[in-house]
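To be precise, the following lines are protein.tsv, and they hold TSV, C-alpha atoms and all ligand atoms.
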chain	number	residue	atom	x	y	z
R	24	MET	CA	-4.71	138.14	-79.87
R	25	THR	CA	-4.85	134.36	-79.58
R	26	THR	CA	-4.05	132.50	-76.36
R	27	ILE	CA	-2.93	128.91	-76.83
R	28	ILE	CA	-4.33	126.85	-73.96
R	29	ASN	CA	-1.47	124.83	-72.52
R	30	GLY	CA	-3.06	121.54	-71.45
R	31	LYS	CA	0.28	119.99	-70.64
R	32	GLU	CA	1.21	122.78	-68.22
R	33	LEU	CA	-2.18	122.66	-66.45
R	34	ALA	CA	-2.02	118.84	-66.28
R	35	ASP	CA	1.48	119.01	-64.72
R	36	LYS	CA	0.26	121.55	-62.16
R	37	MET	CA	-2.77	119.44	-61.21
R	38	GLN	CA	-0.70	116.26	-61.07
R	39	GLY	CA	1.75	117.98	-58.73
R	40	ALA	CA	-1.11	118.81	-56.34
R	41	LEU	CA	-2.53	115.29	-56.69
R	42	LYS	CA	0.81	113.72	-55.80
R	43	ILE	CA	0.86	115.63	-52.52
R	44	GLU	CA	-2.72	114.53	-51.82
R	45	VAL	CA	-1.81	110.90	-52.52
R	46	GLU	CA	1.15	111.13	-50.12
R	47	SER	CA	-1.10	112.46	-47.39
R	48	LEU	CA	-3.71	109.73	-48.03
R	49	LYS	CA	-0.96	107.11	-47.85
R	50	GLU	CA	0.13	108.48	-44.47
R	51	GLN	CA	-3.47	107.98	-43.33
R	52	GLY	CA	-3.31	104.35	-44.51
R	53	THR	CA	-5.04	104.58	-47.90
R	54	GLN	CA	-3.21	104.23	-51.21
R	55	PRO	CA	-5.57	105.08	-54.06
R	56	GLY	CA	-5.57	102.19	-56.55
R	57	LEU	CA	-6.41	102.04	-60.25
R	58	VAL	CA	-6.76	98.90	-62.34
R	59	VAL	CA	-6.95	99.11	-66.12
R	60	LEU	CA	-8.34	96.10	-67.97
R	61	LEU	CA	-6.91	95.76	-71.46
R	62	VAL	CA	-8.21	93.15	-73.90
R	63	GLY	CA	-6.21	92.22	-77.01
R	64	GLU	CA	-3.37	93.96	-78.82
R	65	ASN	CA	-4.92	97.13	-80.33
R	66	PRO	CA	-1.84	99.36	-80.78
R	67	ALA	CA	-3.62	102.64	-79.94
R	68	SER	CA	-5.11	101.07	-76.80
R	69	GLN	CA	-1.67	99.76	-75.80
R	70	THR	CA	-0.27	103.29	-76.01
R	71	TYR	CA	-3.16	104.88	-74.10
R	72	VAL	CA	-2.93	102.26	-71.36
R	73	LYS	CA	0.85	102.62	-71.06
R	74	ASN	CA	0.43	106.39	-70.63
R	75	LYS	CA	-2.24	105.89	-67.97
R	76	GLU	CA	-0.06	103.38	-66.12
R	77	LEU	CA	3.02	105.65	-66.17
R	78	ALA	CA	1.03	108.65	-64.95
R	79	ALA	CA	-0.60	106.62	-62.16
R	80	GLN	CA	2.79	105.35	-61.01
R	81	LYS	CA	4.24	108.87	-61.10
R	82	MET	CA	1.41	110.02	-58.79
R	83	GLY	CA	2.20	107.24	-56.31
R	84	LEU	CA	-1.03	105.37	-57.00
R	85	HIS	CA	-1.28	101.62	-56.67
R	86	SER	CA	-1.49	100.83	-60.38
R	87	LYS	CA	-2.17	97.61	-62.23
R	88	VAL	CA	-2.78	96.74	-65.88
R	89	ALA	CA	-4.69	93.46	-66.23
R	90	ARG	CA	-4.14	92.08	-69.75
R	91	TYR	CA	-6.40	89.55	-71.44
R	92	PRO	CA	-6.23	87.75	-74.79
R	93	GLU	CA	-8.37	88.96	-77.73
R	94	THR	CA	-10.30	85.67	-77.41
R	95	ILE	CA	-11.53	86.18	-73.83
R	96	THR	CA	-15.27	85.50	-73.51
R	97	GLU	CA	-17.77	88.02	-72.20
R	98	THR	CA	-18.50	85.80	-69.19
R	99	GLU	CA	-14.81	85.62	-68.31
R	100	LEU	CA	-14.35	89.37	-68.60
R	101	LEU	CA	-17.47	90.04	-66.48
R	102	ALA	CA	-16.05	87.72	-63.81
R	103	GLU	CA	-12.78	89.67	-63.82
R	104	ILE	CA	-14.67	92.94	-63.36
R	105	GLU	CA	-16.60	91.48	-60.46
R	106	LYS	CA	-13.30	90.40	-58.89
R	107	TYR	CA	-12.03	94.01	-58.99
R	108	ASN	CA	-15.40	95.35	-57.81
R	109	GLN	CA	-14.79	93.31	-54.63
R	110	ASP	CA	-11.09	94.18	-54.30
R	111	ALA	CA	-10.68	97.03	-51.79
R	112	ALA	CA	-7.15	97.76	-53.08
R	113	PHE	CA	-8.64	99.30	-56.23
R	114	HIS	CA	-10.79	102.43	-56.00
R	115	GLY	CA	-10.92	102.88	-59.77
R	116	ILE	CA	-11.64	100.36	-62.54
R	117	LEU	CA	-11.24	101.22	-66.21
R	118	VAL	CA	-11.94	98.88	-69.11
R	119	GLN	CA	-10.09	100.16	-72.15
R	120	LEU	CA	-12.30	100.50	-75.23
R	121	PRO	CA	-12.83	99.29	-77.92
R	122	LEU	CA	-13.52	95.67	-76.98
R	123	PRO	CA	-13.49	92.70	-79.38
R	124	LYS	CA	-16.69	91.83	-81.26
R	125	GLN	CA	-17.74	88.90	-79.06
R	126	ILE	CA	-18.08	91.23	-76.07
R	127	ASP	CA	-21.00	93.58	-75.52
R	128	ALA	CA	-19.35	96.80	-74.29
R	129	GLU	CA	-22.62	98.06	-72.80
R	130	LYS	CA	-22.87	94.98	-70.56
R	131	VAL	CA	-19.26	95.41	-69.52
R	132	LEU	CA	-19.70	99.08	-68.57
R	133	LEU	CA	-22.86	98.17	-66.61
R	134	ALA	CA	-20.92	95.56	-64.63
R	135	ILE	CA	-18.44	98.07	-63.17
R	136	ASP	CA	-19.37	99.25	-59.68
R	137	PRO	CA	-20.48	102.88	-60.32
R	138	LYS	CA	-18.46	103.97	-57.27
R	139	LYS	CA	-15.31	102.67	-59.01
R	140	ASP	CA	-16.24	103.84	-62.51
R	141	VAL	CA	-13.47	106.43	-62.91
R	142	ASP	CA	-14.21	106.76	-66.65
R	143	GLY	CA	-17.74	107.94	-65.79
R	144	PHE	CA	-19.25	105.73	-68.51
R	145	HIS	CA	-21.69	103.72	-66.35
R	146	PRO	CA	-25.30	104.70	-67.14
R	147	MET	CA	-25.79	105.54	-63.45
R	148	ASN	CA	-22.96	108.10	-63.58
R	149	LEU	CA	-24.10	109.46	-66.96
R	150	GLY	CA	-27.62	109.74	-65.51
R	151	LYS	CA	-26.36	111.65	-62.46
R	152	LEU	CA	-24.50	114.03	-64.74
R	153	PHE	CA	-27.53	114.57	-66.95
R	154	ALA	CA	-29.72	115.10	-63.84
R	155	GLY	CA	-27.34	117.83	-62.66
R	156	SER	CA	-25.69	116.03	-59.72
R	157	PRO	CA	-22.51	114.57	-61.19
R	158	GLU	CA	-20.31	112.13	-59.28
R	159	MET	CA	-17.97	110.43	-61.79
R	160	ILE	CA	-17.59	112.51	-64.96
R	161	PRO	CA	-16.16	111.30	-68.29
R	162	CYS	CA	-12.54	112.45	-68.12
R	163	THR	CA	-12.15	114.31	-71.42
R	164	PRO	CA	-15.06	116.74	-70.99
R	165	TYR	CA	-14.19	117.07	-67.30
R	166	GLY	CA	-10.64	118.08	-68.26
R	167	ILE	CA	-12.00	120.64	-70.73
R	168	MET	CA	-14.13	122.21	-67.97
R	169	LYS	CA	-10.96	122.53	-65.85
R	170	MET	CA	-9.30	124.36	-68.76
R	171	PHE	CA	-12.20	126.85	-68.93
R	172	GLU	CA	-11.84	127.38	-65.18
R	173	GLU	CA	-8.06	127.85	-65.30
R	174	TYR	CA	-8.20	130.34	-68.16
R	175	LYS	CA	-11.22	132.14	-66.60
R	176	ILE	CA	-13.35	131.56	-69.68
R	177	ASP	CA	-16.87	132.52	-68.68
R	178	LEU	CA	-19.55	130.23	-70.11
R	179	ALA	CA	-22.79	131.76	-68.80
R	180	GLY	CA	-25.06	132.88	-71.62
R	181	LYS	CA	-22.49	131.95	-74.28
R	182	ASN	CA	-23.38	130.05	-77.44
R	183	ALA	CA	-21.59	126.73	-77.17
R	184	VAL	CA	-21.54	124.35	-80.13
R	185	VAL	CA	-20.39	120.75	-79.67
R	186	ILE	CA	-19.44	118.82	-82.81
R	187	GLY	CA	-19.73	115.06	-82.18
R	188	ARG	CA	-22.30	113.20	-80.08
R	189	SER	CA	-20.42	110.31	-78.48
R	190	ASN	CA	-21.30	109.12	-74.97
R	191	ILE	CA	-17.62	109.59	-74.07
R	192	VAL	CA	-17.18	113.22	-75.10
R	193	GLY	CA	-19.95	115.06	-76.97
R	194	LYS	CA	-23.01	114.24	-74.86
R	195	PRO	CA	-21.38	114.70	-71.43
R	196	MET	CA	-19.65	117.87	-72.70
R	197	ALA	CA	-23.02	119.36	-73.65
R	198	HIS	CA	-24.40	118.68	-70.16
R	199	LEU	CA	-21.38	120.17	-68.40
R	200	LEU	CA	-21.65	123.33	-70.53
R	201	LEU	CA	-25.37	123.50	-69.84
R	202	ALA	CA	-24.72	123.21	-66.10
R	203	GLU	CA	-22.55	126.36	-66.43
R	204	ASN	CA	-25.45	128.14	-68.16
R	205	ALA	CA	-24.15	128.07	-71.72
R	206	THR	CA	-26.71	127.82	-74.53
R	207	VAL	CA	-25.73	124.52	-76.07
R	208	THR	CA	-26.15	123.21	-79.61
R	209	MET	CA	-25.21	119.60	-80.31
R	210	THR	CA	-24.15	118.82	-83.85
R	211	HIS	CA	-22.93	115.74	-85.69
R	212	SER	CA	-22.13	114.25	-89.09
R	213	GLN	CA	-25.71	114.72	-90.34
R	214	THR	CA	-26.19	118.32	-89.18
R	215	LYS	CA	-27.17	120.56	-92.10
R	216	ASN	CA	-25.03	123.65	-92.78
R	217	LEU	CA	-22.56	122.64	-90.08
R	218	PRO	CA	-20.04	125.42	-90.88
R	219	ALA	CA	-22.77	128.03	-90.44
R	220	VAL	CA	-24.00	126.49	-87.16
R	221	ALA	CA	-20.43	126.29	-85.84
R	222	LYS	CA	-19.77	129.87	-86.89
R	223	ALA	CA	-22.41	131.06	-84.41
R	224	ALA	CA	-20.38	129.57	-81.54
R	225	ASP	CA	-18.63	131.58	-78.87
R	226	ILE	CA	-17.33	128.25	-77.57
R	227	LEU	CA	-16.66	125.48	-80.11
R	228	VAL	CA	-15.80	121.96	-78.91
R	229	VAL	CA	-14.79	119.57	-81.67
R	230	ALA	CA	-14.86	115.80	-81.11
R	231	ILE	CA	-15.74	114.33	-84.48
R	232	GLY	CA	-12.65	112.17	-85.04
R	233	ARG	CA	-11.71	113.50	-88.49
R	234	GLY	CA	-8.34	115.11	-89.02
R	235	HIS	CA	-8.43	118.87	-89.76
R	236	PHE	CA	-12.22	118.73	-90.28
R	237	VAL	CA	-12.84	122.20	-88.83
R	238	THR	CA	-11.42	124.91	-91.06
R	239	LYS	CA	-11.62	128.69	-90.75
R	240	ASP	CA	-15.06	128.61	-92.40
R	241	PHE	CA	-16.42	127.07	-89.16
R	242	VAL	CA	-15.04	129.65	-86.77
R	243	LYS	CA	-16.22	133.10	-85.71
R	244	GLU	CA	-13.62	135.73	-84.91
R	245	GLY	CA	-12.93	135.62	-81.17
R	246	ALA	CA	-14.32	132.11	-80.59
R	247	VAL	CA	-12.85	129.70	-78.04
R	248	VAL	CA	-11.87	126.51	-79.91
R	249	ILE	CA	-11.33	123.19	-78.10
R	250	ASP	CA	-9.92	120.31	-80.17
R	251	VAL	CA	-10.50	116.80	-78.82
R	252	GLY	CA	-9.23	115.07	-81.99
R	253	MET	CA	-6.44	112.50	-82.01
R	254	ASN	CA	-5.96	111.47	-85.64
R	255	ARG	CA	-2.96	110.35	-87.66
R	256	ASP	CA	-2.18	112.05	-90.95
R	257	GLU	CA	-0.74	110.20	-93.96
R	258	ASN	CA	2.77	110.47	-92.43
R	259	GLY	CA	1.63	109.07	-89.08
R	260	LYS	CA	1.79	112.48	-87.37
R	261	LEU	CA	-0.74	113.16	-84.60
R	262	ILE	CA	-3.23	115.80	-85.74
R	263	GLY	CA	-6.40	117.27	-84.27
R	264	ASP	CA	-9.91	117.69	-85.68
R	265	VAL	CA	-9.16	121.40	-86.17
R	266	ALA	CA	-6.92	122.82	-88.91
R	267	PHE	CA	-4.90	124.66	-86.26
R	268	ASP	CA	-2.76	126.89	-88.50
R	269	GLU	CA	-5.68	128.52	-90.29
R	270	VAL	CA	-8.09	128.57	-87.30
R	271	ALA	CA	-5.74	129.84	-84.57
R	272	PRO	CA	-5.47	133.44	-85.89
R	273	LEU	CA	-9.28	133.76	-85.61
R	274	ALA	CA	-9.64	132.27	-82.14
R	275	SER	CA	-9.40	134.07	-78.79
R	276	TYR	CA	-8.34	130.78	-77.15
R	277	ILE	CA	-7.44	127.47	-78.82
R	278	THR	CA	-6.08	124.11	-77.69
R	279	PRO	CA	-3.22	122.54	-79.67
R	280	VAL	CA	-2.78	118.85	-80.53
R	281	PRO	CA	-0.70	117.41	-78.93
R	282	LYS	CA	-0.34	119.07	-75.47
R	283	GLY	CA	-3.92	120.28	-75.37
R	284	VAL	CA	-6.86	118.19	-74.19
R	285	GLY	CA	-4.98	114.83	-74.09
R	286	PRO	CA	-2.89	115.39	-70.94
R	287	MET	CA	-5.97	116.67	-69.11
R	288	THR	CA	-7.91	113.46	-69.81
R	289	ILE	CA	-5.34	111.34	-67.98
R	290	THR	CA	-5.12	113.85	-65.16
R	291	MET	CA	-8.87	113.73	-64.54
R	292	LEU	CA	-8.75	109.94	-64.50
R	293	LEU	CA	-6.17	110.08	-61.72
R	294	ALA	CA	-8.08	112.83	-59.92
R	295	GLN	CA	-11.27	110.76	-59.94
R	296	THR	CA	-9.39	107.73	-58.63
R	297	VAL	CA	-8.13	109.84	-55.72
R	298	GLU	CA	-11.65	111.21	-55.13
R	299	ALA	CA	-13.06	107.66	-55.11
R	300	ALA	CA	-10.41	106.61	-52.58
R	301	LYS	CA	-11.27	109.61	-50.37
R	302	ARG	CA	-14.96	108.71	-50.46
R	303	GLU	CA	-14.13	105.14	-49.41
R	304	GLU	CA	-11.77	106.42	-46.72
R	305	GLY	CA	-14.54	108.64	-45.34
R	306	LYS	CA	-16.66	105.56	-44.78
R	307	LYS	CA	-14.13	103.76	-42.60
B	1	LIG	N1	-10.64	104.38	-75.49
B	1	LIG	C1	-10.37	105.60	-76.01
B	1	LIG	N2	-10.55	106.55	-75.08
B	1	LIG	C2	-10.94	105.92	-73.95
B	1	LIG	C3	-11.25	106.35	-72.63
B	1	LIG	O1	-11.23	107.54	-72.30
B	1	LIG	N3	-11.58	105.39	-71.75
B	1	LIG	C4	-11.63	104.08	-72.08
B	1	LIG	N4	-11.99	103.21	-71.15
B	1	LIG	N5	-11.34	103.64	-73.28
B	1	LIG	C5	-11.00	104.55	-74.20
Would you encode the structure as structure tokens?
Amino acid sequence: MTTIINGKELADKMQGALKIEVESLKEQGTQPGLVVLLVGENPASQTYVKNKELAAQKMGLHSKVARYPETITETELLAEIEKYNQDAAFHGILVQLPLPKQIDAEKVLLAIDPKKDVDGFHPMNLGKLFAGSPEMIPCTPYGIMKMFEEYKIDLAGKNAVVIGRSNIVGKPMAHLLLAENATVTMTHSQTKNLPAVAKAADILVVAIGRGHFVTKDFVKEGAVVIDVGMNRDENGKLIGDVAFDEVAPLASYITPVPKGVGPMTITMLLAQTVEAAKREEGKK
């Protein structure tokens, strides 16, 4: 039997609990604040940022979207980040990616105060995660770990295969799985015999960014399949990296697209903003 992991339902439940926590923090004089810096007019980024803003407002967070023209210089953007680093009203800072060509994204991520880096992309936070003492965790893999917890999916000793090696999803995912004692294999576009490698997985996490890339030939009977993909098909419909209809009958658990991993990513962003605010509050 296949269980479809309901990311939307879990996200709603966690956001309900977060809202109560935010209310209590506000009563103690702290309103968690999140600022999202958006450069240019990339339509996908506009949608992601709008969703983040709406969710933050719904939680009662102090929420701001700072918009900049496509032509902003690196120096100007770095100065804006420094301004928000110093602004106590914001506990979380997120710079929406991708950035225009004239701006070095690595420099930008380095400029964010690691204590406010709610995306978990600063090398300091990635380093802490890789060293086994995470503080800010990239939100998508963090959300996936919450799904495993909610559905009581045991990871210890399991063969976990991660397809995709981005700093945002694949690499941090591998470290989180490792921390829960899974045996982790990282794969990518140049892995030989990828279907055979994937087929050994008890836990298969797919973040390769290619619509319906993972077919039933990649999946062992009874595997847990997590689909991070957000692709558009030829009709503009949102589709995952996994060919859901043919893979689902094989899987023990599977996430759909939409309403799978996506809602959890935003939820973890809000959760980390609240955590950052609590850490600051503790210092007062
Ligand atoms: N662009 C696409 N996904 C993300 C994300 O999770 N964080 C940021 N900052 N930019 C993104």
- prompt: Distance atom CA of R:Gly155-atom CA of R:Lys194, one decimal place?
  reply: 13.4 Å
Near stretch 240-245 of chain R, within 12 Å and counting all atoms listed in the file, which residues show up once chain neighbours fewer than 6 positions away are dropped, as a JSON list (two decimals) with C-alpha atoms, in the coordinates of the input?
[["chain", "number", "residue", "atom", "x", "y", "z"],
["R", 24, "MET", "CA", -4.71, 138.14, -79.87],
["R", 25, "THR", "CA", -4.85, 134.36, -79.58],
["R", 26, "THR", "CA", -4.05, 132.50, -76.36],
["R", 182, "ASN", "CA", -23.38, 130.05, -77.44],
["R", 183, "ALA", "CA", -21.59, 126.73, -77.17],
["R", 184, "VAL", "CA", -21.54, 124.35, -80.13],
["R", 186, "ILE", "CA", -19.44, 118.82, -82.81],
["R", 216, "ASN", "CA", -25.03, 123.65, -92.78],
["R", 217, "LEU", "CA", -22.56, 122.64, -90.08],
["R", 218, "PRO", "CA", -20.04, 125.42, -90.88],
["R", 219, "ALA", "CA", -22.77, 128.03, -90.44],
["R", 220, "VAL", "CA", -24.00, 126.49, -87.16],
["R", 221, "ALA", "CA", -20.43, 126.29, -85.84],
["R", 222, "LYS", "CA", -19.77, 129.87, -86.89],
["R", 223, "ALA", "CA", -22.41, 131.06, -84.41],
["R", 224, "ALA", "CA", -20.38, 129.57, -81.54],
["R", 225, "ASP", "CA", -18.63, 131.58, -78.87],
["R", 226, "ILE", "CA", -17.33, 128.25, -77.57],
["R", 227, "LEU", "CA", -16.66, 125.48, -80.11],
["R", 228, "VAL", "CA", -15.80, 121.96, -78.91],
["R", 229, "VAL", "CA", -14.79, 119.57, -81.67],
["R", 264, "ASP", "CA", -9.91, 117.69, -85.68],
["R", 265, "VAL", "CA", -9.16, 121.40, -86.17],
["R", 266, "ALA", "CA", -6.92, 122.82, -88.91],
["R", 267, "PHE", "CA", -4.90, 124.66, -86.26],
["R", 269, "GLU", "CA", -5.68, 128.52, -90.29],
["R", 270, "VAL", "CA", -8.09, 128.57, -87.30],
["R", 271, "ALA", "CA", -5.74, 129.84, -84.57],
["R", 272, "PRO", "CA", -5.47, 133.44, -85.89],
["R", 273, "LEU", "CA", -9.28, 133.76, -85.61],
["R", 274, "ALA", "CA", -9.64, 132.27, -82.14],
["R", 275, "SER", "CA", -9.40, 134.07, -78.79],
["R", 276, "TYR", "CA", -8.34, 130.78, -77.15],
["R", 277, "ILE", "CA", -7.44, 127.47, -78.82]]
message: Please return as a ChimeraX atom specification the residues found within 7 Å of ligand LIG 1 (chain B), counting all atoms listed in the file.
response: /R:68,117-121,142,162-163,191
- request: List the neighbours of R:Asn65 out to 12 Å using all atoms listed in the file; skip same-chain residues closer than 2 positions along the sequence, and give me the result as a PyMOL selection string.
  value: chain R and resi 61-63+67-72+90-93+119-123
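Taking atom CA of R:Asp136 and atom CA of R:Val59 as endpoints, the distance between them is 14.0 Å.
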task: Quote the spacing between atom CA of R:Lys81 and atom CA of R:Met196 in Å to one decimal place.
output: 28.0 Å
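Comparing the minimum interatomic distances between R:Glu44 and each of R:Val297, R:Glu99, R:Gly143, R:Glu304, counting all atoms listed in the file, we find that R:Val297 sits nearest.
Among the candidates R:Val248, R:Gln51, R:Met253, R:Val88, the one nearest to R:Met170 when counting only C-alpha atoms is R:Val248.
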task: Write out as a list of chain:residue names which residues come within 9 Å of R:Ile126 when counting all atoms listed in the file, dropping same-chain ones fewer than 4 positions away.
output: R:Ile95, R:Thr96, R:Glu97, R:Thr98, R:Leu100, R:Leu122, R:Lys130, R:Val131
Could you work out an axis-aligned bounding box for all listed atoms of stretch 132-142 of chain R, with 3 Å added on each of the six sides, and give its centre and edge lengths in Å to one decimal, as JSON?
{"center_x": -18.2, "center_y": 101.2, "center_z": -62.9, "size_x": 15.4, "size_y": 17.2, "size_z": 17.3}
query: Which residues, written as a ChimeraX atom specification, have at least one atom at most 12 Å from R:Glu203, with all atoms listed in the file counted and residues fewer than 5 positions away on the same chain left out?
result: /R:155,168,171-172,176-183,196-198
field: Selection near R:Glu105, 12 Å with only C-alpha atoms, sequence-local residues under 2 positions removed, as a ChimeraX atom specification
entry: /R:98-103,107-111,113,116,131-136,139
- prompt: Quick one: of R:Met291, R:Ala128, R:Ala246, R:Ala299, who's nearest to R:Ala34, counting all atoms listed in the file?
  reply: R:Met291
Please supply stretch 84-93 of chain R, rebuilt with all heavy atoms, as a tab-separated table (two decimals), in the frame of the given file.
chain	number	residue	atom	x	y	z
R	84	LEU	N	0.15	106.24	-57.12
R	84	LEU	CA	-1.03	105.37	-57.00
R	84	LEU	C	-0.61	103.90	-57.06
R	84	LEU	O	0.41	103.56	-57.65
R	84	LEU	CB	-1.99	105.64	-58.17
R	84	LEU	CG	-3.16	106.57	-57.93
R	84	LEU	CD1	-2.67	107.96	-57.58
R	84	LEU	CD2	-4.05	106.67	-59.17
R	85	HIS	N	-1.43	103.06	-56.47
R	85	HIS	CA	-1.28	101.62	-56.67
R	85	HIS	C	-1.89	101.34	-58.05
R	85	HIS	O	-3.07	101.58	-58.25
R	85	HIS	CB	-2.03	100.89	-55.56
R	85	HIS	CG	-2.09	99.41	-55.73
R	85	HIS	ND1	-1.00	98.67	-56.11
R	85	HIS	CD2	-3.11	98.54	-55.57
R	85	HIS	CE1	-1.35	97.40	-56.17
R	85	HIS	NE2	-2.63	97.29	-55.84
R	86	SER	N	-1.04	100.89	-58.99
R	86	SER	CA	-1.49	100.83	-60.38
R	86	SER	C	-1.28	99.44	-60.95
R	86	SER	O	-0.23	98.83	-60.75
R	86	SER	CB	-0.68	101.86	-61.17
R	86	SER	OG	-0.78	101.62	-62.53
R	87	LYS	N	-2.30	98.94	-61.62
R	87	LYS	CA	-2.17	97.61	-62.23
R	87	LYS	C	-2.81	97.62	-63.61
R	87	LYS	O	-3.87	98.23	-63.81
R	87	LYS	CB	-2.88	96.58	-61.35
R	87	LYS	CG	-2.92	95.19	-61.95
R	87	LYS	CD	-3.51	94.16	-61.00
R	87	LYS	CE	-3.60	92.82	-61.69
R	87	LYS	NZ	-4.15	91.77	-60.85
R	88	VAL	N	-2.14	96.98	-64.57
R	88	VAL	CA	-2.78	96.74	-65.88
R	88	VAL	C	-3.04	95.25	-65.97
R	88	VAL	O	-2.12	94.44	-65.87
R	88	VAL	CB	-1.87	97.19	-67.05
R	88	VAL	CG1	-2.54	96.86	-68.38
R	88	VAL	CG2	-1.57	98.68	-66.96
R	89	ALA	N	-4.31	94.87	-66.09
R	89	ALA	CA	-4.69	93.46	-66.23
R	89	ALA	C	-4.91	93.21	-67.73
R	89	ALA	O	-5.77	93.84	-68.34
R	89	ALA	CB	-5.95	93.18	-65.44
R	90	ARG	N	-4.08	92.33	-68.30
R	90	ARG	CA	-4.14	92.08	-69.75
R	90	ARG	C	-4.83	90.75	-70.03
R	90	ARG	O	-4.61	89.77	-69.33
R	90	ARG	CB	-2.73	92.03	-70.34
R	90	ARG	CG	-2.02	93.36	-70.26
R	90	ARG	CD	-0.54	93.24	-70.64
R	90	ARG	NE	0.17	94.41	-70.13
R	90	ARG	CZ	0.25	95.57	-70.79
R	90	ARG	NH1	-0.27	95.68	-71.99
R	90	ARG	NH2	0.86	96.60	-70.24
R	91	TYR	N	-5.66	90.75	-71.07
R	91	TYR	CA	-6.40	89.55	-71.44
R	91	TYR	C	-6.27	89.31	-72.93
R	91	TYR	O	-6.16	90.27	-73.71
R	91	TYR	CB	-7.88	89.71	-71.07
R	91	TYR	CG	-8.08	90.05	-69.62
R	91	TYR	CD1	-8.27	91.37	-69.21
R	91	TYR	CD2	-8.01	89.05	-68.64
R	91	TYR	CE1	-8.41	91.69	-67.87
R	91	TYR	CE2	-8.14	89.37	-67.29
R	91	TYR	CZ	-8.34	90.68	-66.92
R	91	TYR	OH	-8.46	90.99	-65.59
R	92	PRO	N	-6.33	88.03	-73.35
R	92	PRO	CA	-6.23	87.75	-74.79
R	92	PRO	C	-7.48	88.23	-75.54
R	92	PRO	O	-8.57	88.32	-74.95
R	92	PRO	CB	-6.12	86.22	-74.85
R	92	PRO	CG	-6.70	85.75	-73.56
R	92	PRO	CD	-6.46	86.82	-72.55
R	93	GLU	N	-7.30	88.52	-76.82
R	93	GLU	CA	-8.37	88.96	-77.73
R	93	GLU	C	-9.56	87.99	-77.69
R	93	GLU	O	-10.71	88.38	-77.92
R	93	GLU	CB	-7.77	89.00	-79.15
R	93	GLU	CG	-8.64	89.56	-80.24
R	93	GLU	CD	-8.61	91.09	-80.29
R	93	GLU	OE1	-7.63	91.68	-79.83
R	93	GLU	OE2	-9.60	91.67	-80.79
